[in-house]
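Enquirer: Attaching a single structure in structure tokens format; questions to follow.
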Amino acid sequence: MAAEGSTGEQPQFIASAGNRSYSNAPLIENSDTEKIVVPDRTSWKNLFAYMGPGFLVSIAYIDPGNFETDLQSGAQYKYGLLWIILVASCAALVIQSLAANLGVVTGKHLAEHCRAEYPKKTNFILWVLAEISIVACDIPEVIGTAFALNMLFNIPIWIGVLLTGLSTLMLLALQQYGVRKLEFLIAFLVLTIAGCFFAELGYAKPAATEVLDGLFVPQLKGNGATGLAISLLGAMVMPHNLFLHSALVLSRKIPRSVRGINEACRFYMVESGFALMVAFLINVSVISVTGAVCNSSSLSAEDQKNCQDLDLNKASFLLRNVLGSWSSKLFAVALLASGQSSTITGTYAGQYVMQGFLDLRLRPWLRNFLTRCLAIVPSLIVAVIGGSAGAGKLIIIASMILSFELPFALIPLLKFTSSKTKMGAYANSTVISTITWIIGSLLMAINIYYLMSGFIKILLHSHFELVGVVFLGILGFSGMTLYLAGIVYLVFRKNKEAPHLLALTTPESREMANAQLGCLTREDIVSMQLPQRRSTEDID
């Protein structure tokens, strides 16, 4: 049987064919994909085949939005909130491992499960919310890159915002080299960020005993510490990351056996743990450097004022004044690397979300262009009108939007991975389910509290007349009621009783699964990351 390849232009909007609930047909026909095949053997060397997705996921934990919260934490409370980063990183590892397990065991990513599970209207709403979260994730990247360009080359913030659109061209140039090289690039950028902040530690020289005390002794001292701790926790688990991780693991061709699936789940956890550990050390470094600098006895009056309301832009001037110009440049390079790596993960998350929820996808360049435009427009308006201070506040607003979105990705993930119908023998045990639901409930409660307290603060400090405040209050709390009703619906709705073939555990069902699917790799997932590099040829 011959597979026909075409050298002509492909349509910009593509629908995958086949069964709506599951289709293994490539969205783009491509016989030249560089598949990452995991050898069917028992060896620790297989770990290297699984390395990659964790680093793409870890970018969300060290994006400019996280840096902004880290800077404020270190400036206001020195090392007192480092333990929050440790707790949040452990929770993030558990949640991300669930996302990876869902993809490995079922052969479908989170967005595809949502499409198969929920009614059309619910599915559409979840898709819209996921798309909004991806745009909200892109805003800090745009502003962070603009700040970095300003620090390095004195380019005005609003021009820097426009220049971030060129990262689309960079992404297109990188795609042709394949998923493995793209993963290596992301890992290089993550290690670059780590190297910059580890060098900053050498400049700042924070007291090691105080840092360790902040890491392992929980404390919330001072006014506002609770609110900032909530912001740190809320910023650590991103909704788009759950969709992304469950899809990235499908780019590997693993043996469809009990041993192969167990090994994949185990090695993906190890790989994610390593990547998130690097992200954890980077966040600790940012807080430690800021804590040491802002509590230095040699600070000028102007620098002390900057520490009271520290953002990404002020941090550069603060580091230059206290530690020297090289420190400021290192911070700018780390911020630039963070921003540029975020655009890659955001684009792929958007691609998987659209393909999963709607069974449709855009060409990668068009997808990236639309997402970036939606992020650039508000960033540009705020940068022109409000300058760097306004741009910094927009990052906080974007973080609030991500907090708002989290339950609508996290609840389906927790329910699907706890379902024996979907996961079979790989479903979460009672203990794991209890732990993950406690973690998930705490994260959602923290984010809801963060949203409600922020909204109340806006009402109390607004300059509207009393009638306007009352109207906004009624509107806001009505929206919050609807929001909570949506969360309750997702929590208590029963999953469909429609088992997925890969999750079945009887010998007969496993034999049937292996016969039909073999060593499954998702061609549509691979082809999203590996566009054609030359014309396809007929294959006998």
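Please note that chains go A, B, ... in the order of the structure tokens, that every chain numbers its residues from 1, and that ligands are numbered from 1 in the order shown.
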Using only C-alpha atoms, which residues sit within 10 Å of Leu47 of chain A once same-chain residues fewer than 2 positions away are excluded, as a JSON list (two decimals) with N, CA, C and O atoms, in the first residue's frame?
Expert:
[["chain", "number", "residue", "atom", "x", "y", "z"],
["A", 38, "VAL", "N", 11.76, 4.20, 22.06],
["A", 38, "VAL", "CA", 12.32, 3.67, 23.30],
["A", 38, "VAL", "C", 12.60, 2.19, 23.10],
["A", 38, "VAL", "O", 11.69, 1.43, 22.75],
["A", 43, "SER", "N", 16.54, -1.37, 31.06],
["A", 43, "SER", "CA", 17.83, -0.73, 31.26],
["A", 43, "SER", "C", 17.63, 0.71, 31.70],
["A", 43, "SER", "O", 16.72, 1.40, 31.23],
["A", 44, "TRP", "N", 18.49, 1.18, 32.62],
["A", 44, "TRP", "CA", 18.42, 2.57, 33.06],
["A", 44, "TRP", "C", 18.78, 3.52, 31.92],
["A", 44, "TRP", "O", 18.43, 4.71, 31.95],
["A", 45, "LYS", "N", 19.44, 2.99, 30.87],
["A", 45, "LYS", "CA", 19.81, 3.84, 29.74],
["A", 45, "LYS", "C", 18.59, 4.34, 28.96],
["A", 45, "LYS", "O", 18.67, 5.31, 28.22],
["A", 49, "ALA", "N", 16.09, 8.32, 26.52],
["A", 49, "ALA", "CA", 15.07, 8.45, 25.48],
["A", 49, "ALA", "C", 13.88, 9.26, 25.96],
["A", 49, "ALA", "O", 13.17, 9.87, 25.15],
["A", 50, "TYR", "N", 13.67, 9.27, 27.28],
["A", 50, "TYR", "CA", 12.53, 10.00, 27.83],
["A", 50, "TYR", "C", 12.87, 11.45, 28.18],
["A", 50, "TYR", "O", 11.97, 12.24, 28.46],
["A", 51, "MET", "N", 14.15, 11.80, 28.19],
["A", 51, "MET", "CA", 14.54, 13.16, 28.57],
["A", 51, "MET", "C", 14.05, 14.16, 27.54],
["A", 51, "MET", "O", 14.18, 13.93, 26.33],
["A", 263, "GLU", "N", 7.65, 1.44, 33.10],
["A", 263, "GLU", "CA", 8.94, 2.09, 32.94],
["A", 263, "GLU", "C", 8.77, 3.53, 32.45],
["A", 263, "GLU", "O", 9.43, 4.45, 32.94],
["A", 264, "ALA", "N", 7.85, 3.73, 31.49],
["A", 264, "ALA", "CA", 7.62, 5.07, 30.96],
["A", 264, "ALA", "C", 7.13, 6.01, 32.06],
["A", 264, "ALA", "O", 7.62, 7.14, 32.20],
["A", 266, "ARG", "N", 7.57, 5.71, 35.26],
["A", 266, "ARG", "CA", 8.64, 5.92, 36.25],
["A", 266, "ARG", "C", 9.70, 6.88, 35.73],
["A", 266, "ARG", "O", 10.10, 7.82, 36.42],
["A", 267, "PHE", "N", 10.15, 6.68, 34.49],
["A", 267, "PHE", "CA", 11.21, 7.53, 33.95],
["A", 267, "PHE", "C", 10.73, 8.95, 33.66],
["A", 267, "PHE", "O", 11.49, 9.90, 33.78],
["A", 268, "TYR", "N", 9.46, 9.09, 33.28],
["A", 268, "TYR", "CA", 8.93, 10.44, 33.09],
["A", 268, "TYR", "C", 8.88, 11.19, 34.42],
["A", 268, "TYR", "O", 9.10, 12.40, 34.47],
["A", 270, "VAL", "N", 11.02, 10.67, 36.93],
["A", 270, "VAL", "CA", 12.41, 11.00, 37.22],
["A", 270, "VAL", "C", 12.86, 12.20, 36.39],
["A", 270, "VAL", "O", 13.48, 13.15, 36.90],
["A", 271, "GLU", "N", 12.52, 12.16, 35.10],
["A", 271, "GLU", "CA", 12.92, 13.25, 34.20],
["A", 271, "GLU", "C", 12.25, 14.57, 34.60],
["A", 271, "GLU", "O", 12.90, 15.63, 34.64]]
Enquirer: Enter the distance from atom CA of Thr436 of chain A to atom CA of Tyr489 of chain A, in Å, rounded to one decimal.
Expert: 18.9 Å
Enquirer: Would you kindly return, as a PyMOL selection string, each protein, DNA or RNA residue with an atom no farther than 9 Å from any atom of segment 408-423 of chain A, considering only C-alpha atoms and excluding same-chain residues fewer than 3 positions away?
Expert: chain A and resi 95+98-99+101-102+105-106+110-111+113-114+126+129-130+239-240+242-243+404-405+426-430+432-433+436-437+440+444+486-487+490-491+495-504
Enquirer: Taking 5 positions as the minimum chain separation for residues in the same chain, which residues sit within 9 Å of Ser288 of chain A when counting only C-alpha atoms? Answer as number ranges by chain.
Expert: A: 74, 78-79, 82, 201, 204-207, 211, 283, 293
Enquirer: Per residue of segment 255-354 of chain A within 7 Å of segment 141-148 of chain A, which atom pair is closest and at what distance in Å (one decimal), using only C-alpha atoms, listed by chain and increasing number, as CSV?
Expert:
residue,atom,partner,partner_atom,distance
A:Asn313,CA,A:Phe147,CA,6.1
A:Ala332,CA,A:Ala148,CA,4.7
A:Val333,CA,A:Ala148,CA,6.9
A:Leu335,CA,A:Ala148,CA,5.8
A:Leu336,CA,A:Thr145,CA,5.2
A:Gly339,CA,A:Glu141,CA,4.5
A:Ser342,CA,A:Glu141,CA,6.3
A:Thr343,CA,A:Glu141,CA,7.0
